[in-house]
Amino acid sequence: MCGFALTGVVAATAPDSSEHHAQRVENAVPFEECLPGTEARVTDPDGEGRPPGRGELTPRQAARYHERLREELVPLRGQELQPPQTVPVVVHVISAEDGRGDVSDERVQRQIDVLNAAYSGSRADAAARSAGGAEPAAEVGAADTGFRFELTETTRTVDDDWFTGFDEHRDTIRAKLRRGGAGTLNIYTADLGPGLLGYSTFPQDYEENPDQDGVVVAHDTLPGGDREQFNLGHTSTHEIGHWLGLFHTFQNGCTAPGDYVDDTPYEREAASGCPEGRDTCPEKEGEDPVTNFMNYSDDACMTHFTADQGKRMVEHWAAFRDGSSQAGAD
Ligand SMILES: [Zn+2]
């Protein structure tokens, strides 16, 4: 969101990210923190491991992102917005010299399969387990968002410092490895340390920081990984939801406009595990959307996006990522 908040400031700033950051502070931008990747998925929403300055958006940040979406949609009014045929995906596997994090091609492909199941409204957990005989069954309320994903390239980098210090080196890593334009999904895998599962930039961030656009996930969250409760691949499902513009279902708690999506019930705070019948906004209609992909529940608990979330992702696609309607994108 920095791009939006800092229009006019950045032009006078060196592209070096540390100077850029200093400039932000001097200008007293009304965001506490606005580096790309403000949305993080953590293993325990109440516990340690939440990285400082990263995590949930403030109501003001969310409002600015939304405002920016509305602005971009004005010239598209009256058009029937469509999701892309398929989103090309480039996966960047960063691993250690001793082999840690060297995610196999087979697991990368299973991750893509999980995404396609999740975004088409099929039982994604079945795809994740890849039992072969598992019958994909439509989940009640699980929308087909229209988005499909296709792996076009996998890059492999062996570097101990990058693997264990992704955050420290992330600007360099992404600037070096990133492929394609606004409509190409770049996923980076590395060791993100305890607690942190992944994070993503928003479509609104692309214009300002095209090099940094993409999704970062802990390598052990891909299907078949060792991350207990979080190894069915839905960290990527969740982060790509942010990459396509969605907020958490608990954004703004019980207060309007919540997550800016009409058909997801309000929720006071993130869910963890898979609580049944939770209702943290009793004054609002509906139980908490615990099984929604944009929550913090366990992978096995997550089953769906809603129809309105699907529409909102398509709007973001048209506004920020569709190369055919945007100059400068591929
Ligand atoms: Zn998130």
# chains A, B, ... in the order shown; residues from 1 in each chain; ligands from 1
call {"tool": "residues_near_ligand", "arguments": {"ligand": "ligand 1", "cutoff": "9 Å", "atoms": "only C-alpha atoms and all ligand atoms", "output": "PyMOL selection string"}}
result
chain A and resi 38-42+55-56+198-200+235+238-239+241-242+246-248+294-296
call {"tool": "select_by_dssp", "arguments": {"residues": "stretch 76-271 of chain A", "states": "alpha helix (DSSP H)", "output": "PyMOL selection string"}}
result
chain A and resi 105-120+124-129+160-164+166-177+234-243
call {"tool": "residues_around", "arguments": {"residues": "A:Gln109", "least_positions_apart": "4", "cutoff": "8 Å", "atoms": "only C-alpha atoms", "output": "mmCIF file with C-alpha atoms, in the first residue's frame"}}
result
data_model
loop_
_atom_site.group_PDB
_atom_site.id
_atom_site.type_symbol
_atom_site.label_atom_id
_atom_site.label_comp_id
_atom_site.auth_asym_id
_atom_site.auth_seq_id
_atom_site.Cartn_x
_atom_site.Cartn_y
_atom_site.Cartn_z
ATOM 1 C CA ASP A 105 9.121 -31.247 -8.469
ATOM 2 C CA ASP A 113 -3.076 -29.229 -7.882
ATOM 3 C CA LEU A 151 3.261 -24.135 -13.395
#
call {"tool": "residues_around", "arguments": {"residues": "A:Ala142", "least_positions_apart": "3", "cutoff": "6 Å", "atoms": "only C-alpha atoms", "output": "PDB file with N, CA and C atoms, in the first residue's frame"}}
result
ATOM      1  N   GLY A 121     -13.367 -24.804  -6.168  1.00  0.00           N
ATOM      2  CA  GLY A 121     -14.448 -25.198  -5.268  1.00  0.00           C
ATOM      3  C   GLY A 121     -14.532 -26.689  -5.025  1.00  0.00           C
ATOM      4  N   GLU A 139     -18.002 -28.762  -1.891  1.00  0.00           N
ATOM      5  CA  GLU A 139     -18.272 -28.362  -0.522  1.00  0.00           C
ATOM      6  C   GLU A 139     -19.438 -27.374  -0.538  1.00  0.00           C
ATOM      7  N   HIS A 304     -13.067 -23.584   1.680  1.00  0.00           N
ATOM      8  CA  HIS A 304     -13.704 -22.815   0.593  1.00  0.00           C
ATOM      9  C   HIS A 304     -13.376 -21.328   0.565  1.00  0.00           C
ATOM     10  N   PHE A 305     -13.566 -20.780  -0.636  1.00  0.00           N
ATOM     11  CA  PHE A 305     -13.803 -19.358  -0.841  1.00  0.00           C
ATOM     12  C   PHE A 305     -15.302 -19.214  -1.105  1.00  0.00           C
ATOM     13  N   THR A 306     -15.847 -18.024  -0.873  1.00  0.00           N
ATOM     14  CA  THR A 306     -17.256 -17.781  -1.190  1.00  0.00           C
ATOM     15  C   THR A 306     -17.369 -17.148  -2.579  1.00  0.00           C
TER      16      THR A 306
END
call {"tool": "closest_atom_pairs", "arguments": {"of": "stretch 200-257 of chain A", "to": "stretch 262-274 of chain A", "cutoff": "10 Å", "atoms": "only C-alpha atoms", "output": "JSON lines"}}
result
{"residue": "A:Gln229", "atom": "CA", "partner": "A:Gly273", "partner_atom": "CA", "distance": 8.1}
{"residue": "A:His248", "atom": "CA", "partner": "A:Ala270", "partner_atom": "CA", "distance": 8.2}
{"residue": "A:Thr249", "atom": "CA", "partner": "A:Glu267", "partner_atom": "CA", "distance": 6.7}
{"residue": "A:Phe250", "atom": "CA", "partner": "A:Glu267", "partner_atom": "CA", "distance": 4.8}
{"residue": "A:Gln251", "atom": "CA", "partner": "A:Glu267", "partner_atom": "CA", "distance": 7.9}
{"residue": "A:Asn252", "atom": "CA", "partner": "A:Arg268", "partner_atom": "CA", "distance": 7.6}
{"residue": "A:Gly253", "atom": "CA", "partner": "A:Arg268", "partner_atom": "CA", "distance": 3.9}
{"residue": "A:Cys254", "atom": "CA", "partner": "A:Arg268", "partner_atom": "CA", "distance": 5.1}
{"residue": "A:Thr255", "atom": "CA", "partner": "A:Tyr266", "partner_atom": "CA", "distance": 7.8}
{"residue": "A:Ala256", "atom": "CA", "partner": "A:Tyr266", "partner_atom": "CA", "distance": 8.5}
{"residue": "A:Pro257", "atom": "CA", "partner": "A:Asp262", "partner_atom": "CA", "distance": 8.8}
call {"tool": "write_last_selection", "arguments": {"atoms": "C-alpha atoms", "output": "PDB file, in the first residue's frame"}}
result
ATOM      1  CA  GLN A 229      -1.393 -28.929  10.838  1.00  0.00           C
ATOM      2  CA  HIS A 248      -8.730 -11.936   6.202  1.00  0.00           C
ATOM      3  CA  THR A 249     -12.285 -12.905   7.127  1.00  0.00           C
ATOM      4  CA  PHE A 250     -11.614 -11.269  10.510  1.00  0.00           C
ATOM      5  CA  GLN A 251     -10.478  -7.943   9.009  1.00  0.00           C
ATOM      6  CA  ASN A 252     -12.082  -5.128  11.048  1.00  0.00           C
ATOM      7  CA  GLY A 253     -13.524  -7.659  13.531  1.00  0.00           C
ATOM      8  CA  CYS A 254     -17.255  -7.228  14.114  1.00  0.00           C
ATOM      9  CA  THR A 255     -17.213  -3.705  12.682  1.00  0.00           C
ATOM     10  CA  ALA A 256     -18.426  -2.774   9.200  1.00  0.00           C
ATOM     11  CA  PRO A 257     -17.221  -3.074   6.509  1.00  0.00           C
TER      12      PRO A 257
END
call {"tool": "residues_around", "arguments": {"residues": "A:Pro84", "least_positions_apart": "2", "cutoff": "10 Å", "atoms": "only C-alpha atoms", "output": "PyMOL selection string"}}
result
chain A and resi 81-82+86-88+146-149+183+314+317-318+321-323
call {"tool": "write_last_selection", "arguments": {"atoms": "N, CA and C atoms", "output": "mmCIF file, in the first residue's frame"}}
result
data_model
loop_
_atom_site.group_PDB
_atom_site.id
_atom_site.type_symbol
_atom_site.label_atom_id
_atom_site.label_comp_id
_atom_site.auth_asym_id
_atom_site.auth_seq_id
_atom_site.Cartn_x
_atom_site.Cartn_y
_atom_site.Cartn_z
ATOM 1 N N LEU A 81 -16.400 -8.447 -16.027
ATOM 2 C CA LEU A 81 -15.027 -8.790 -15.643
ATOM 3 C C LEU A 81 -14.850 -10.303 -15.600
ATOM 4 N N GLN A 82 -13.708 -10.739 -16.080
ATOM 5 C CA GLN A 82 -13.444 -12.180 -16.186
ATOM 6 C C GLN A 82 -12.127 -12.534 -15.512
ATOM 7 N N THR A 86 -5.746 -18.967 -17.335
ATOM 8 C CA THR A 86 -4.931 -19.577 -16.280
ATOM 9 C C THR A 86 -3.879 -18.562 -15.847
ATOM 10 N N VAL A 87 -3.490 -18.649 -14.593
ATOM 11 C CA VAL A 87 -2.430 -17.789 -14.079
ATOM 12 C C VAL A 87 -1.112 -18.556 -14.188
ATOM 13 N N PRO A 88 -0.141 -18.033 -14.934
ATOM 14 C CA PRO A 88 1.154 -18.702 -14.967
ATOM 15 C C PRO A 88 1.859 -18.575 -13.618
ATOM 16 N N GLY A 146 -13.113 -19.279 -10.562
ATOM 17 C CA GLY A 146 -12.734 -19.084 -11.963
ATOM 18 C C GLY A 146 -11.226 -19.088 -12.174
ATOM 19 N N PHE A 147 -10.469 -18.928 -11.117
ATOM 20 C CA PHE A 147 -9.005 -18.900 -11.260
ATOM 21 C C PHE A 147 -8.441 -20.324 -11.356
ATOM 22 N N ARG A 148 -7.499 -20.481 -12.306
ATOM 23 C CA ARG A 148 -6.760 -21.731 -12.426
ATOM 24 C C ARG A 148 -5.283 -21.384 -12.541
ATOM 25 N N PHE A 149 -4.449 -22.330 -12.154
ATOM 26 C CA PHE A 149 -3.014 -22.054 -12.078
ATOM 27 C C PHE A 149 -2.219 -23.098 -12.857
ATOM 28 N N GLY A 183 0.659 -10.245 -14.035
ATOM 29 C CA GLY A 183 -0.206 -11.406 -14.077
ATOM 30 C C GLY A 183 0.506 -12.726 -13.874
ATOM 31 N N VAL A 314 -11.670 -11.416 -8.885
ATOM 32 C CA VAL A 314 -11.758 -11.077 -10.312
ATOM 33 C C VAL A 314 -11.661 -9.565 -10.507
ATOM 34 N N TRP A 317 -8.143 -8.636 -10.203
ATOM 35 C CA TRP A 317 -7.413 -9.080 -11.390
ATOM 36 C C TRP A 317 -7.565 -8.054 -12.517
ATOM 37 N N ALA A 318 -8.822 -7.682 -12.754
ATOM 38 C CA ALA A 318 -9.100 -6.740 -13.835
ATOM 39 C C ALA A 318 -8.440 -5.384 -13.573
ATOM 40 N N ARG A 321 -4.012 -6.666 -12.464
ATOM 41 C CA ARG A 321 -3.137 -7.741 -12.951
ATOM 42 C C ARG A 321 -3.403 -8.166 -14.388
ATOM 43 N N ASP A 322 -4.494 -7.713 -14.961
ATOM 44 C CA ASP A 322 -4.825 -8.146 -16.306
ATOM 45 C C ASP A 322 -3.992 -7.363 -17.330
ATOM 46 N N GLY A 323 -3.047 -8.053 -17.914
ATOM 47 C CA GLY A 323 -2.149 -7.401 -18.862
ATOM 48 C C GLY A 323 -2.852 -6.759 -20.031
#
call {"tool": "residues_around", "arguments": {"residues": "A:His219", "least_positions_apart": "2", "cutoff": "9 Å", "atoms": "only C-alpha atoms", "output": "JSON, numbers by chain"}}
result
{"A": [93, 94, 95, 101, 102, 103, 188, 189, 190, 191, 192, 197, 217, 221, 222, 225, 227]}
call {"tool": "residues_around", "arguments": {"residues": "A:Gly214", "least_positions_apart": "2", "cutoff": "12 Å", "atoms": "only C-alpha atoms", "output": "ChimeraX atom specification"}}
result
/A:36-39,89-92,170-171,173-175,177-189,198-206,209-212,216-217,236,239-245,321
call {"tool": "select_by_dssp", "arguments": {"residues": "stretch 149-207 of chain A", "states": "strand (DSSP E or B)", "output": "PyMOL selection string"}}
result
chain A and resi 149-158+185-190+196-200
call {"tool": "closest_residue", "arguments": {"among": "A:Met302, A:His316, A:Asp259, A:Leu115", "to": "A:Glu72", "atoms": "only C-alpha atoms"}}
result
A:His316
